[in-house]
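Colleague: Please find protein_23.pdb (PDB, C-alpha atoms, pLDDT in the B column) on the next line:
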MODEL        1
ATOM      1  CA  MET Q 820       6.619   0.693 -13.121  1.00 49.00           C
ATOM      2  CA  ALA Q 821       7.593   3.705 -10.992  1.00 61.00           C
ATOM      3  CA  LEU Q 822       8.587   3.052  -7.422  1.00 70.00           C
ATOM      4  CA  ARG Q 823       6.247   4.337  -4.738  1.00 84.00           C
ATOM      5  CA  LYS Q 824       7.548   6.560  -1.920  1.00 91.00           C
ATOM      6  CA  LEU Q 825       7.358   3.845   0.755  1.00 92.00           C
ATOM      7  CA  GLN Q 826       9.148   1.387  -1.532  1.00 92.00           C
ATOM      8  CA  MET Q 827      11.978   3.894  -1.992  1.00 94.00           C
ATOM      9  CA  LEU Q 828      12.223   4.367   1.771  1.00 95.00           C
ATOM     10  CA  ALA Q 829      12.493   0.588   2.241  1.00 95.00           C
ATOM     11  CA  ILE Q 830      15.234   0.395  -0.413  1.00 96.00           C
ATOM     12  CA  ALA Q 831      17.092   3.251   1.304  1.00 96.00           C
ATOM     13  CA  LEU Q 832      16.896   1.369   4.604  1.00 97.00           C
ATOM     14  CA  VAL Q 833      18.297  -1.799   3.005  1.00 97.00           C
ATOM     15  CA  ALA Q 834      21.141   0.288   1.536  1.00 97.00           C
ATOM     16  CA  LEU Q 835      21.752   1.849   4.962  1.00 97.00           C
ATOM     17  CA  SER Q 836      22.042  -1.614   6.523  1.00 97.00           C
ATOM     18  CA  PHE Q 837      24.782  -2.552   4.031  1.00 97.00           C
ATOM     19  CA  ALA Q 838      26.573   0.743   4.733  1.00 97.00           C
ATOM     20  CA  THR Q 839      26.313   0.004   8.471  1.00 97.00           C
ATOM     21  CA  ALA Q 840      27.820  -3.437   7.891  1.00 97.00           C
ATOM     22  CA  TYR Q 841      30.759  -1.928   6.002  1.00 96.00           C
ATOM     23  CA  VAL Q 842      31.486   0.562   8.795  1.00 96.00           C
ATOM     24  CA  ALA Q 843      30.965  -1.927  11.642  1.00 96.00           C
ATOM     25  CA  TYR Q 844      32.971  -4.824  10.189  1.00 95.00           C
ATOM     26  CA  PRO Q 845      36.417  -3.876  11.613  1.00 94.00           C
ATOM     27  CA  TYR Q 846      34.975  -3.505  15.124  1.00 93.00           C
ATOM     28  CA  MET Q 847      33.271  -6.906  15.314  1.00 94.00           C
ATOM     29  CA  PRO Q 848      34.832  -9.995  16.976  1.00 93.00           C
ATOM     30  CA  GLU Q 849      35.879 -12.959  14.857  1.00 93.00           C
ATOM     31  CA  SER Q 850      32.993 -14.998  16.316  1.00 93.00           C
ATOM     32  CA  MET Q 851      29.813 -12.942  16.650  1.00 90.00           C
ATOM     33  CA  ALA Q 852      26.884 -13.648  18.981  1.00 87.00           C
ATOM     34  CA  SER Q 853      23.951 -14.136  16.613  1.00 84.00           C
ATOM     35  CA  HIS Q 854      21.207 -15.928  18.516  1.00 83.00           C
ATOM     36  CA  TRP Q 855      19.699 -15.541  21.966  1.00 79.00           C
ATOM     37  CA  GLY Q 856      17.495 -17.824  24.058  1.00 74.00           C
ATOM     38  CA  ILE Q 857      14.169 -16.857  25.592  1.00 70.00           C
ATOM     39  CA  GLY Q 858      15.972 -15.785  28.766  1.00 68.00           C
ATOM     40  CA  GLY Q 859      18.281 -13.435  26.880  1.00 69.00           C
ATOM     41  CA  GLU Q 860      21.344 -15.704  27.013  1.00 77.00           C
ATOM     42  CA  VAL Q 861      23.539 -16.135  23.927  1.00 80.00           C
ATOM     43  CA  ASN Q 862      23.197 -19.620  22.428  1.00 81.00           C
ATOM     44  CA  GLY Q 863      24.458 -19.181  18.885  1.00 81.00           C
ATOM     45  CA  TYR Q 864      27.450 -17.668  17.090  1.00 87.00           C
ATOM     46  CA  MET Q 865      28.475 -16.862  13.507  1.00 90.00           C
ATOM     47  CA  PRO Q 866      31.856 -16.130  11.901  1.00 93.00           C
ATOM     48  CA  ARG Q 867      32.320 -12.381  11.438  1.00 93.00           C
ATOM     49  CA  ASP Q 868      32.181 -12.541   7.625  1.00 92.00           C
ATOM     50  CA  ILE Q 869      28.713 -14.060   7.803  1.00 92.00           C
ATOM     51  CA  GLY Q 870      27.471 -12.378  10.980  1.00 91.00           C
ATOM     52  CA  VAL Q 871      28.088  -8.820   9.798  1.00 95.00           C
ATOM     53  CA  TYR Q 872      26.348  -9.197   6.441  1.00 95.00           C
ATOM     54  CA  PHE Q 873      23.634 -11.733   7.272  1.00 94.00           C
ATOM     55  CA  MET Q 874      20.958  -9.244   8.372  1.00 95.00           C
ATOM     56  CA  PRO Q 875      21.496  -6.794   5.484  1.00 96.00           C
ATOM     57  CA  MET Q 876      21.249  -9.688   3.026  1.00 97.00           C
ATOM     58  CA  LEU Q 877      18.126 -10.956   4.798  1.00 96.00           C
ATOM     59  CA  GLY Q 878      16.553  -7.503   4.557  1.00 96.00           C
ATOM     60  CA  ALA Q 879      17.317  -7.298   0.836  1.00 97.00           C
ATOM     61  CA  ALA Q 880      15.912 -10.796   0.266  1.00 97.00           C
ATOM     62  CA  MET Q 881      12.743 -10.011   2.252  1.00 96.00           C
ATOM     63  CA  PHE Q 882      12.177  -6.811   0.293  1.00 96.00           C
ATOM     64  CA  ALA Q 883      12.544  -8.623  -3.024  1.00 96.00           C
ATOM     65  CA  LEU Q 884      10.333 -11.517  -1.954  1.00 96.00           C
ATOM     66  CA  LEU Q 885       7.554  -9.289  -0.608  1.00 95.00           C
ATOM     67  CA  TYR Q 886       7.313  -7.471  -3.941  1.00 92.00           C
ATOM     68  CA  ILE Q 887       7.716 -10.514  -6.177  1.00 94.00           C
ATOM     69  CA  LEU Q 888       4.959 -12.542  -4.520  1.00 94.00           C
ATOM     70  CA  PRO Q 889       2.084 -10.128  -5.266  1.00 93.00           C
ATOM     71  CA  SER Q 890       3.054 -10.062  -8.943  1.00 93.00           C
ATOM     72  CA  ILE Q 891       2.546 -13.839  -9.254  1.00 95.00           C
ATOM     73  CA  ASP Q 892      -0.569 -14.020  -7.065  1.00 95.00           C
ATOM     74  CA  PRO Q 893      -3.696 -15.110  -9.019  1.00 93.00           C
ATOM     75  CA  LYS Q 894      -5.560 -12.479  -6.982  1.00 93.00           C
ATOM     76  CA  LYS Q 895      -2.947  -9.757  -7.518  1.00 93.00           C
ATOM     77  CA  LYS Q 896      -5.576  -7.115  -8.332  1.00 95.00           C
ATOM     78  CA  ASN Q 897      -6.772  -7.294  -4.727  1.00 95.00           C
ATOM     79  CA  TYR Q 898      -3.453  -5.891  -3.496  1.00 94.00           C
ATOM     80  CA  GLN Q 899      -4.464  -2.540  -4.986  1.00 92.00           C
ATOM     81  CA  LEU Q 900      -7.245  -2.392  -2.373  1.00 93.00           C
ATOM     82  CA  PHE Q 901      -4.701  -2.288   0.473  1.00 93.00           C
ATOM     83  CA  GLN Q 902      -1.548  -1.198  -1.369  1.00 93.00           C
ATOM     84  CA  HIS Q 903      -0.629   1.605   1.022  1.00 92.00           C
ATOM     85  CA  GLU Q 904      -0.928  -0.647   4.072  1.00 93.00           C
ATOM     86  CA  TYR Q 905       1.067  -3.343   2.269  1.00 94.00           C
ATOM     87  CA  ASP Q 906       3.867  -0.891   1.442  1.00 94.00           C
ATOM     88  CA  GLU Q 907       3.896   0.277   5.065  1.00 93.00           C
ATOM     89  CA  MET Q 908       4.086  -3.333   6.232  1.00 93.00           C
ATOM     90  CA  VAL Q 909       7.146  -3.993   4.039  1.00 94.00           C
ATOM     91  CA  LEU Q 910       8.838  -0.838   5.338  1.00 95.00           C
ATOM     92  CA  ILE Q 911       8.108  -1.797   8.954  1.00 95.00           C
ATOM     93  CA  ILE Q 912       9.504  -5.306   8.427  1.00 95.00           C
ATOM     94  CA  ILE Q 913      12.718  -3.876   6.939  1.00 96.00           C
ATOM     95  CA  ALA Q 914      12.956  -1.355   9.798  1.00 96.00           C
ATOM     96  CA  PHE Q 915      12.334  -4.162  12.306  1.00 95.00           C
ATOM     97  CA  LEU Q 916      15.202  -6.215  10.843  1.00 95.00           C
ATOM     98  CA  TYR Q 917      17.501  -3.178  10.845  1.00 97.00           C
ATOM     99  CA  TYR Q 918      16.686  -2.444  14.498  1.00 96.00           C
ATOM    100  CA  ILE Q 919      17.506  -6.039  15.489  1.00 94.00           C
ATOM    101  CA  TYR Q 920      20.696  -5.760  13.436  1.00 95.00           C
ATOM    102  CA  LEU Q 921      21.765  -2.621  15.323  1.00 96.00           C
ATOM    103  CA  LEU Q 922      21.147  -4.386  18.646  1.00 94.00           C
ATOM    104  CA  THR Q 923      23.257  -7.335  17.466  1.00 93.00           C
ATOM    105  CA  LEU Q 924      26.120  -5.069  16.443  1.00 95.00           C
ATOM    106  CA  ALA Q 925      25.945  -3.146  19.727  1.00 94.00           C
ATOM    107  CA  TYR Q 926      26.031  -6.361  21.763  1.00 92.00           C
ATOM    108  CA  ASN Q 927      29.030  -7.653  19.817  1.00 93.00           C
ATOM    109  CA  ALA Q 928      30.769  -4.314  20.226  1.00 92.00           C
ATOM    110  CA  GLY Q 929      30.691  -4.858  23.981  1.00 88.00           C
ATOM    111  CA  TYR Q 930      27.638  -2.873  25.098  1.00 87.00           C
ATOM    112  CA  CYS Q 931      25.633  -4.443  27.928  1.00 84.00           C
ATOM    113  CA  PHE Q 932      21.831  -4.292  27.953  1.00 83.00           C
ATOM    114  CA  ASN Q 933      18.739  -6.411  28.514  1.00 80.00           C
ATOM    115  CA  LEU Q 934      17.999  -7.666  25.021  1.00 80.00           C
ATOM    116  CA  LEU Q 935      14.390  -8.676  25.741  1.00 80.00           C
ATOM    117  CA  GLN Q 936      13.531  -5.213  27.031  1.00 84.00           C
ATOM    118  CA  LEU Q 937      14.889  -3.592  23.887  1.00 88.00           C
ATOM    119  CA  LEU Q 938      13.224  -6.121  21.591  1.00 87.00           C
ATOM    120  CA  ALA Q 939       9.813  -5.618  23.228  1.00 88.00           C
ATOM    121  CA  PRO Q 940       8.883  -2.283  21.558  1.00 91.00           C
ATOM    122  CA  ALA Q 941      10.019  -3.529  18.142  1.00 92.00           C
ATOM    123  CA  PHE Q 942       7.869  -6.643  18.373  1.00 91.00           C
ATOM    124  CA  GLY Q 943       5.027  -4.557  19.806  1.00 92.00           C
ATOM    125  CA  ALA Q 944       5.072  -2.225  16.803  1.00 92.00           C
ATOM    126  CA  LEU Q 945       5.367  -5.162  14.399  1.00 93.00           C
ATOM    127  CA  PHE Q 946       2.442  -7.079  15.904  1.00 93.00           C
ATOM    128  CA  ILE Q 947       0.238  -3.981  16.000  1.00 93.00           C
ATOM    129  CA  TYR Q 948       0.914  -3.193  12.369  1.00 93.00           C
ATOM    130  CA  VAL Q 949       0.286  -6.793  11.369  1.00 93.00           C
ATOM    131  CA  GLY Q 950      -3.100  -6.241  12.981  1.00 94.00           C
ATOM    132  CA  VAL Q 951      -3.630  -3.100  10.901  1.00 94.00           C
ATOM    133  CA  VAL Q 952      -2.812  -4.970   7.698  1.00 94.00           C
ATOM    134  CA  LEU Q 953      -5.087  -7.883   8.626  1.00 94.00           C
ATOM    135  CA  GLY Q 954      -7.925  -5.412   9.050  1.00 94.00           C
ATOM    136  CA  LYS Q 955      -7.387  -4.059   5.513  1.00 94.00           C
ATOM    137  CA  ALA Q 956      -6.202  -7.115   3.549  1.00 95.00           C
ATOM    138  CA  LYS Q 957      -8.418  -8.569   0.850  1.00 95.00           C
ATOM    139  CA  GLN Q 958      -8.360 -12.139  -0.424  1.00 96.00           C
ATOM    140  CA  ASN Q 959      -4.963 -13.185  -1.751  1.00 95.00           C
ATOM    141  CA  TRP Q 960      -2.639 -16.183  -1.556  1.00 95.00           C
ATOM    142  CA  PHE Q 961       0.327 -14.701   0.307  1.00 94.00           C
ATOM    143  CA  VAL Q 962      -0.679 -12.086   2.902  1.00 93.00           C
ATOM    144  CA  GLY Q 963      -3.068 -12.680   5.770  1.00 94.00           C
ATOM    145  CA  ILE Q 964      -4.811 -15.659   7.339  1.00 95.00           C
ATOM    146  CA  ARG Q 965      -4.886 -18.078   4.424  1.00 95.00           C
ATOM    147  CA  THR Q 966      -6.910 -21.178   5.209  1.00 96.00           C
ATOM    148  CA  PRO Q 967      -8.997 -23.269   2.803  1.00 96.00           C
ATOM    149  CA  TRP Q 968     -12.080 -21.569   4.252  1.00 97.00           C
ATOM    150  CA  THR Q 969     -10.960 -17.924   4.103  1.00 96.00           C
ATOM    151  CA  LEU Q 970      -9.846 -18.460   0.505  1.00 95.00           C
ATOM    152  CA  SER Q 971     -13.201 -20.012  -0.371  1.00 94.00           C
ATOM    153  CA  SER Q 972     -15.395 -17.233   1.019  1.00 95.00           C
ATOM    154  CA  GLU Q 973     -14.869 -13.462   1.133  1.00 94.00           C
ATOM    155  CA  LYS Q 974     -17.283 -13.244   4.068  1.00 96.00           C
ATOM    156  CA  VAL Q 975     -15.271 -15.789   6.073  1.00 97.00           C
ATOM    157  CA  TRP Q 976     -12.060 -13.996   5.044  1.00 97.00           C
ATOM    158  CA  ASP Q 977     -13.366 -10.665   6.380  1.00 96.00           C
ATOM    159  CA  LYS Q 978     -14.679 -12.109   9.653  1.00 96.00           C
ATOM    160  CA  THR Q 979     -11.512 -14.096  10.330  1.00 97.00           C
ATOM    161  CA  HIS Q 980      -9.263 -11.138   9.593  1.00 97.00           C
ATOM    162  CA  GLU Q 981     -11.251  -8.903  11.907  1.00 96.00           C
ATOM    163  CA  LEU Q 982     -10.646 -11.400  14.713  1.00 96.00           C
ATOM    164  CA  GLY Q 983      -6.978 -11.656  13.725  1.00 96.00           C
ATOM    165  CA  ARG Q 984      -6.692  -7.858  13.760  1.00 95.00           C
ATOM    166  CA  LYS Q 985      -7.902  -7.681  17.360  1.00 95.00           C
ATOM    167  CA  LEU Q 986      -5.689 -10.537  18.556  1.00 95.00           C
ATOM    168  CA  PHE Q 987      -2.487  -9.229  16.947  1.00 95.00           C
ATOM    169  CA  MET Q 988      -3.074  -5.713  18.217  1.00 94.00           C
ATOM    170  CA  ALA Q 989      -3.601  -7.148  21.698  1.00 94.00           C
ATOM    171  CA  ALA Q 990      -0.333  -9.083  21.346  1.00 93.00           C
ATOM    172  CA  GLY Q 991       1.409  -5.859  20.322  1.00 92.00           C
ATOM    173  CA  ALA Q 992       0.097  -3.992  23.355  1.00 92.00           C
ATOM    174  CA  ILE Q 993       1.269  -6.818  25.633  1.00 92.00           C
ATOM    175  CA  ALA Q 994       4.695  -6.843  23.953  1.00 90.00           C
ATOM    176  CA  PHE Q 995       5.157  -3.128  24.712  1.00 87.00           C
ATOM    177  CA  LEU Q 996       4.753  -3.927  28.409  1.00 88.00           C
ATOM    178  CA  GLY Q 997       7.896  -6.036  28.046  1.00 82.00           C
ATOM    179  CA  VAL Q 998       9.915  -2.811  28.232  1.00 80.00           C
ATOM    180  CA  TRP Q 999       9.142  -2.812  31.969  1.00 82.00           C
ATOM    181  CA  MET Q1000       8.273  -6.488  32.521  1.00 81.00           C
ATOM    182  CA  PRO Q1001      10.297  -8.843  30.257  1.00 75.00           C
ATOM    183  CA  GLN Q1002       7.928 -11.727  30.973  1.00 77.00           C
ATOM    184  CA  MET Q1003       5.169  -9.814  29.153  1.00 82.00           C
ATOM    185  CA  PHE Q1004       7.232  -9.978  25.963  1.00 77.00           C
ATOM    186  CA  VAL Q1005       7.215 -13.764  26.239  1.00 81.00           C
ATOM    187  CA  ALA Q1006       3.457 -13.628  26.916  1.00 86.00           C
ATOM    188  CA  SER Q1007       2.931 -11.674  23.685  1.00 88.00           C
ATOM    189  CA  ILE Q1008       4.583 -14.462  21.689  1.00 87.00           C
ATOM    190  CA  ALA Q1009       2.172 -16.908  23.324  1.00 90.00           C
ATOM    191  CA  VAL Q1010      -0.758 -14.673  22.285  1.00 91.00           C
ATOM    192  CA  VAL Q1011       0.471 -14.677  18.661  1.00 92.00           C
ATOM    193  CA  ILE Q1012       0.669 -18.482  18.655  1.00 93.00           C
ATOM    194  CA  ALA Q1013      -2.809 -18.662  20.197  1.00 94.00           C
ATOM    195  CA  ALA Q1014      -4.057 -16.202  17.557  1.00 93.00           C
ATOM    196  CA  ALA Q1015      -2.808 -18.458  14.766  1.00 93.00           C
ATOM    197  CA  VAL Q1016      -4.644 -21.447  16.228  1.00 95.00           C
ATOM    198  CA  ALA Q1017      -7.795 -19.470  17.057  1.00 96.00           C
ATOM    199  CA  THR Q1018      -8.173 -17.870  13.633  1.00 96.00           C
ATOM    200  CA  PHE Q1019      -7.617 -21.213  11.884  1.00 96.00           C
ATOM    201  CA  ALA Q1020     -10.409 -22.802  13.929  1.00 97.00           C
ATOM    202  CA  TYR Q1021     -12.642 -19.731  13.652  1.00 97.00           C
ATOM    203  CA  SER Q1022     -12.420 -19.689   9.848  1.00 97.00           C
ATOM    204  CA  TYR Q1023     -13.535 -23.323   9.728  1.00 97.00           C
ATOM    205  CA  VAL Q1024     -16.494 -22.710  12.059  1.00 96.00           C
ATOM    206  CA  GLU Q1025     -17.622 -19.613  10.132  1.00 96.00           C
ATOM    207  CA  TYR Q1026     -17.366 -21.439   6.818  1.00 96.00           C
ATOM    208  CA  LYS Q1027     -19.479 -24.317   8.105  1.00 95.00           C
ATOM    209  CA  LYS Q1028     -22.080 -21.798   9.332  1.00 93.00           C
ATOM    210  CA  GLU Q1029     -22.141 -20.101   5.943  1.00 92.00           C
ATOM    211  CA  MET Q1030     -22.538 -23.374   4.087  1.00 91.00           C
ATOM    212  CA  ALA Q1031     -25.296 -24.493   6.473  1.00 89.00           C
ATOM    213  CA  GLY Q1032     -27.101 -21.205   5.871  1.00 82.00           C
ATOM    214  CA  LYS Q1033     -26.902 -21.574   2.101  1.00 78.00           C
ATOM    215  CA  LYS Q1034     -28.095 -25.168   2.320  1.00 75.00           C
ATOM    216  CA  GLY Q1035     -31.039 -24.074   4.478  1.00 70.00           C
ATOM    217  CA  LYS Q1036     -32.061 -21.398   1.953  1.00 69.00           C
ATOM    218  CA  LYS Q1037     -31.955 -23.914  -0.900  1.00 67.00           C
ATOM    219  CA  THR Q1038     -34.058 -26.382   1.113  1.00 65.00           C
ATOM    220  CA  GLY Q1039     -36.558 -23.629   1.894  1.00 62.00           C
ATOM    221  CA  ARG Q1040     -36.912 -22.696  -1.773  1.00 64.00           C
ATOM    222  CA  LYS Q1041     -37.514 -26.327  -2.757  1.00 59.00           C
ATOM    223  CA  LYS Q1042     -40.376 -26.551  -0.277  1.00 54.00           C
TER     224      LYS Q1042
ENDMDL
END
Now, as a test, write the supplied structure out as structure tokens.
Modeller:
Amino acid sequence: MALRKLQMLAIALVALSFATAYVAYPYMPESMASHWGIGGEVNGYMPRDIGVYFMPMLGAAMFALLYILPSIDPKKKNYQLFQHEYDEMVLIIIAFLYYIYLLTLAYNAGYCFNLLQLLAPAFGALFIYVGVVLGKAKQNWFVGIRTPWTLSSEKVWDKTHELGRKLFMAAGAIAFLGVWMPQMFVASIAVVIAAAVATFAYSYVEYKKEMAGKKGKKTGRKK
């Protein structure tokens, strides 16, 4: 099967991350900062051999996984209904990982900056595009808000994903404010967690409503 344009761009970005690793390797310290706390302080390190190549390998693995999963999905035909948005989502995830990788390399090369402020626009763009995909996604087993109730009813799936679209786009807008107010970036993470809980509960409530409606129609016909 021929590769689509967005797939090729994602592959090129993965290749660029490996090329970046090769060039950056001699300039990195033996022990690289690799993890930061919510306040922006370093709280985790990796040996250089692992730290330099971890993110490129993660990007390659994510790309492979995101294109293998649809091929084994029982509802794989539904991906064709939002294929362009799906391809864009994969590209944005790879770009997101590469951006974080560049920040990590810059920090370990000795540059000083507020990490949360620079992460804010990346998370903002990611959350907003997750919202876009949620608004387009059709029933499948791997992408979207997959609860027993959304997978049992297309109507519940559509309603739940419309709510999820609004919540994730709101989280993205809040994350962008983190460029000026770092605490807003933290608030956006809280909104995403709340969105996960809210959509789970909402899908259950909508499914119960749908089942009650169907039961009422059957009872009416029997009368």
Colleague: I need the residue set behind the PyMOL selection byres ((chain Q and resi 945) around 8) for this file; please write it as a short mmCIF file (atom, residue, chain, number, x, y, z; two decimals) with C-alpha atoms, keeping the file's coordinate frame.
Modeller:
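In the end it all went to result06.cif:
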data_model
loop_
_atom_site.label_atom_id
_atom_site.label_comp_id
_atom_site.auth_asym_id
_atom_site.auth_seq_id
_atom_site.Cartn_x
_atom_site.Cartn_y
_atom_site.Cartn_z
CA ILE Q 911 8.11 -1.80 8.95
CA ILE Q 912 9.50 -5.31 8.43
CA PHE Q 915 12.33 -4.16 12.31
CA ALA Q 941 10.02 -3.53 18.14
CA PHE Q 942 7.87 -6.64 18.37
CA GLY Q 943 5.03 -4.56 19.81
CA ALA Q 944 5.07 -2.22 16.80
CA PHE Q 946 2.44 -7.08 15.90
CA ILE Q 947 0.24 -3.98 16.00
CA TYR Q 948 0.91 -3.19 12.37
CA VAL Q 949 0.29 -6.79 11.37
CA GLY Q 991 1.41 -5.86 20.32
#
Colleague: On this file, the PyMOL selection byres ((chain Q and resi 861) around 12) gives some set of residues; write that set as JSON, numbers by chain.
Modeller: {"Q": [851, 852, 853, 854, 855, 856, 857, 858, 859, 860, 862, 863, 864, 865, 923, 926, 927, 933, 934, 935]}
Colleague: Would you mind telling me which residue in Q:Ile913, Q:Lys1034, Q:Val842, Q:Glu904 lies nearest to Ala883 of chain Q when using all atoms listed in the file?
Modeller: Q:Ile913
Colleague: If we count all atoms listed in the file and set the cut-off at 10 Å, which residues sit around segment 826-833 of chain Q, ignoring sequence neighbours fewer than 3 positions away in its own chain? Please answer as JSON, numbers by chain.
Modeller: {"Q": [821, 822, 823, 836, 837, 838, 839, 874, 875, 876, 877, 878, 879, 880, 881, 882, 883, 886, 906, 907, 909, 910, 911, 912, 913, 914, 916, 917]}
Colleague: Just the number, please: distance in Å from atom CA of Ala1009 of chain Q to atom CA of Met988 of chain Q, one decimal.
Modeller: 13.4 Å
Colleague: Which residue, Q:Leu953, Q:Leu986, Q:Leu825, Q:Leu970, has the smallest gap to Lys894 of chain Q when you use all atoms listed in the file?
Modeller: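 Going through Q:Leu953, Q:Leu986, Q:Leu825, Q:Leu970 one by one, the smallest distance to Lys894 of chain Q is for Q:Leu970.
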Colleague: Can you give me, as a list in words, the residues this file yields under the PyMOL selection byres ((chain Q and resi 983) around 8)?
Modeller: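 Taken on the displayed file, the PyMOL selection byres ((chain Q and resi 983) around 8) yields the residues Gly950, Leu953, Gly954, Ile964, Thr979, His980, Glu981, Leu982, Arg984, Lys985, Leu986, Phe987, Ala1014 and Thr1018 of chain Q.
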Colleague: Can I get the selection written as a short mmCIF file (atom, residue, chain, number, x, y, z; two decimals), in the coordinates of the input, with C-alpha atoms?
Modeller:
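Writing the result to result.cif gives the following:
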data_model
loop_
_atom_site.label_atom_id
_atom_site.label_comp_id
_atom_site.auth_asym_id
_atom_site.auth_seq_id
_atom_site.Cartn_x
_atom_site.Cartn_y
_atom_site.Cartn_z
CA GLY Q 950 -3.10 -6.24 12.98
CA LEU Q 953 -5.09 -7.88 8.63
CA GLY Q 954 -7.92 -5.41 9.05
CA ILE Q 964 -4.81 -15.66 7.34
CA THR Q 979 -11.51 -14.10 10.33
CA HIS Q 980 -9.26 -11.14 9.59
CA GLU Q 981 -11.25 -8.90 11.91
CA LEU Q 982 -10.65 -11.40 14.71
CA ARG Q 984 -6.69 -7.86 13.76
CA LYS Q 985 -7.90 -7.68 17.36
CA LEU Q 986 -5.69 -10.54 18.56
CA PHE Q 987 -2.49 -9.23 16.95
CA ALA Q 1014 -4.06 -16.20 17.56
CA THR Q 1018 -8.17 -17.87 13.63
#
Colleague: For a test of reading the model, state the distance in Å between atom CA of Thr966 of chain Q and atom CA of Ala992 of chain Q, rounded to one decimal.
Modeller: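 For atom CA of Thr966 of chain Q relative to atom CA of Ala992 of chain Q, the distance reads 26.0 Å.
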Colleague: To one decimal place, how far is atom CA of Val951 of chain Q from atom CA of Ala994 of chain Q in Å?
Modeller: 15.9 Å
Colleague: With 8 Å as the threshold, what does the neighbourhood of (-13.7, -21.0, 9.3) contain in terms of residues, counting all atoms listed in the file? Coordinates are those of the file; answer as a PDB file with C-alpha atoms, keeping the file's coordinate frame.
Modeller:
ATOM      1  CA  THR Q 966      -6.910 -21.178   5.209  1.00 96.00           C
ATOM      2  CA  TRP Q 968     -12.080 -21.569   4.252  1.00 97.00           C
ATOM      3  CA  THR Q 969     -10.960 -17.924   4.103  1.00 96.00           C
ATOM      4  CA  VAL Q 975     -15.271 -15.789   6.073  1.00 97.00           C
ATOM      5  CA  THR Q 979     -11.512 -14.096  10.330  1.00 97.00           C
ATOM      6  CA  THR Q1018      -8.173 -17.870  13.633  1.00 96.00           C
ATOM      7  CA  PHE Q1019      -7.617 -21.213  11.884  1.00 96.00           C
ATOM      8  CA  ALA Q1020     -10.409 -22.802  13.929  1.00 97.00           C
ATOM      9  CA  TYR Q1021     -12.642 -19.731  13.652  1.00 97.00           C
ATOM     10  CA  SER Q1022     -12.420 -19.689   9.848  1.00 97.00           C
ATOM     11  CA  TYR Q1023     -13.535 -23.323   9.728  1.00 97.00           C
ATOM     12  CA  VAL Q1024     -16.494 -22.710  12.059  1.00 96.00           C
ATOM     13  CA  GLU Q1025     -17.622 -19.613  10.132  1.00 96.00           C
ATOM     14  CA  TYR Q1026     -17.366 -21.439   6.818  1.00 96.00           C
ATOM     15  CA  LYS Q1027     -19.479 -24.317   8.105  1.00 95.00           C
TER      16      LYS Q1027
END
Colleague: Starting from the incomplete input, reconstruct N, CA and C atoms of segment 1025-1036 of chain Q and write that as an mmCIF file, in the frame of the given file.
Modeller:
data_model
loop_
_atom_site.group_PDB
_atom_site.id
_atom_site.type_symbol
_atom_site.label_atom_id
_atom_site.label_comp_id
_atom_site.auth_asym_id
_atom_site.auth_seq_id
_atom_site.Cartn_x
_atom_site.Cartn_y
_atom_site.Cartn_z
ATOM 1 N N GLU Q 1025 -16.832 -20.597 10.889
ATOM 2 C CA GLU Q 1025 -17.622 -19.613 10.132
ATOM 3 C C GLU Q 1025 -17.979 -20.133 8.743
ATOM 4 N N TYR Q 1026 -17.072 -20.886 8.140
ATOM 5 C CA TYR Q 1026 -17.366 -21.439 6.818
ATOM 6 C C TYR Q 1026 -18.487 -22.475 6.899
ATOM 7 N N LYS Q 1027 -18.424 -23.313 7.921
ATOM 8 C CA LYS Q 1027 -19.479 -24.317 8.105
ATOM 9 C C LYS Q 1027 -20.831 -23.641 8.339
ATOM 10 N N LYS Q 1028 -20.840 -22.552 9.101
ATOM 11 C CA LYS Q 1028 -22.080 -21.798 9.332
ATOM 12 C C LYS Q 1028 -22.618 -21.233 8.018
ATOM 13 N N GLU Q 1029 -21.726 -20.691 7.219
ATOM 14 C CA GLU Q 1029 -22.141 -20.101 5.943
ATOM 15 C C GLU Q 1029 -22.711 -21.162 5.009
ATOM 16 N N MET Q 1030 -22.048 -22.299 4.945
ATOM 17 C CA MET Q 1030 -22.538 -23.374 4.087
ATOM 18 C C MET Q 1030 -23.879 -23.921 4.576
ATOM 19 N N ALA Q 1031 -24.030 -24.024 5.914
ATOM 20 C CA ALA Q 1031 -25.296 -24.493 6.473
ATOM 21 C C ALA Q 1031 -26.412 -23.518 6.153
ATOM 22 N N GLY Q 1032 -26.107 -22.216 6.204
ATOM 23 C CA GLY Q 1032 -27.101 -21.205 5.871
ATOM 24 C C GLY Q 1032 -27.529 -21.283 4.421
ATOM 25 N N LYS Q 1033 -26.578 -21.465 3.529
ATOM 26 C CA LYS Q 1033 -26.902 -21.574 2.101
ATOM 27 C C LYS Q 1033 -27.718 -22.833 1.822
ATOM 28 N N LYS Q 1034 -27.360 -23.913 2.499
ATOM 29 C CA LYS Q 1034 -28.095 -25.168 2.320
ATOM 30 C C LYS Q 1034 -29.528 -25.016 2.813
ATOM 31 N N GLY Q 1035 -29.705 -24.308 3.945
ATOM 32 C CA GLY Q 1035 -31.039 -24.074 4.478
ATOM 33 C C GLY Q 1035 -31.902 -23.245 3.554
ATOM 34 N N LYS Q 1036 -31.311 -22.237 2.895
ATOM 35 C CA LYS Q 1036 -32.061 -21.398 1.953
ATOM 36 C C LYS Q 1036 -32.496 -22.214 0.748
#
